[in-house]
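**Q** First the structure, then my questions, so here it is.
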Amino acid sequence: MIYVLKGAPYFMESLKLKTKLLYLLMSVALGLLVVGFVGYYNLLTMKRNVDTLYFGSMIPLTELAAINTAYHHELESNVYRWQGKVISDDEFARNITLGLTNIDQMWANYLSHHKRPEETPYIAYTDKRINTIKRYFEEVRSLASSY
């Protein structure tokens, strides 16, 4: 004898226990799969944001601070020492050349990192300022060499 029950609520009653458990297992597996994909996507997004924060802000700030320190310690202090006749003209010119080379390397390293589009105007401004200050110290070096 076959019973045909009509309607959606009667559909589950007509299935055998084995089939019901199979549907339950598949629905749980599908739910876990969806939760897994959503978690994986959010984890990748979080990693990208942390990398952007660290490599996009923290490391470049330390590199810019190193460039600033190089200007003060390697270049400006040499100018004052040269003016006070603490170092010779040749030593001064050599120190300025080494300092400018060091700053150029650090700036090239800074530029090699990923930059966001909104940082482009700041980078262009800073690049102009670095080149202007570089020309200034090159002129000071040439003055020291001509003495």
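Naming scheme: A, B, ... for chains in displayed order of the structure tokens; residues 1 onward per chain; ligands 1 onward as shown.
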Any chance you could tabulate, as a Markdown table, the residues of stretch 109-142 of chain A at most 10 Å from stretch 63-72 of chain A with each one's nearest atom pair and distance in Å to one decimal, using only C-alpha atoms, in chain and rising number order?
**A**
```
| residue | atom | partner | partner_atom | distance |
| --- | --- | --- | --- | --- |
| A:Asn109 | CA | A:Glu63 | CA | 8.3 |
| A:Tyr110 | CA | A:Glu63 | CA | 6.5 |
| A:Ile130 | CA | A:Ile67 | CA | 9.6 |
| A:Ile133 | CA | A:Tyr71 | CA | 9.2 |
| A:Lys134 | CA | A:Tyr71 | CA | 9.7 |
| A:Phe137 | CA | A:Tyr71 | CA | 10.0 |
```
**Q** Would you write out, as JSON lines, a table of all residues in stretch 80-135 of chain A that have an atom no more than 8 Å from an atom of stretch 50-61 of chain A, listing for each the closest atom pair and the distance in Å to one decimal, considering only C-alpha atoms and ordering rows by chain and rising residue number?
**A**
```
{"residue": "A:Tyr110", "atom": "CA", "partner": "A:Pro60", "partner_atom": "CA", "distance": 6.1}
{"residue": "A:His113", "atom": "CA", "partner": "A:Gly56", "partner_atom": "CA", "distance": 7.5}
{"residue": "A:His114", "atom": "CA", "partner": "A:Gly56", "partner_atom": "CA", "distance": 6.6}
{"residue": "A:Lys115", "atom": "CA", "partner": "A:Gly56", "partner_atom": "CA", "distance": 6.5}
{"residue": "A:Arg116", "atom": "CA", "partner": "A:Gly56", "partner_atom": "CA", "distance": 7.8}
```
**Q** What is the atom CA of A:Glu76 to atom CA of A:Ser88 distance in Å?
**A** 15.3 Å
**Q** As an MDAnalysis selection string, please: every residue in chain A that a backbone DSSP assignment puts in alpha helix (DSSP H).
**A** chainID A and resid 9:14 17:53 59:70 77:83 89:111 120:146
**Q** Which polymer residues have any atom within 9 Å of an atom of A:Gly99, counting only C-alpha atoms, with same-chain residues fewer than 3 positions away left out, as an NGL selection string?
**A** :A and (70-71 or 73-75 or 94-96 or 102-104)
**Q** Would you list the contacts of stretch 89-92 of chain A as a count of residues only, taking every protein, DNA or RNA residue within 9 Å and counting only C-alpha atoms, but skipping same-chain residues closer than 3 positions in sequence?
**A** 13
**Q** What does the distance between atom CA of A:Tyr23 and atom CA of A:Tyr41 come to in Å, to one decimal place?
**A**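 We find that atom CA of A:Tyr23 and atom CA of A:Tyr41 lie 26.9 Å from each other.
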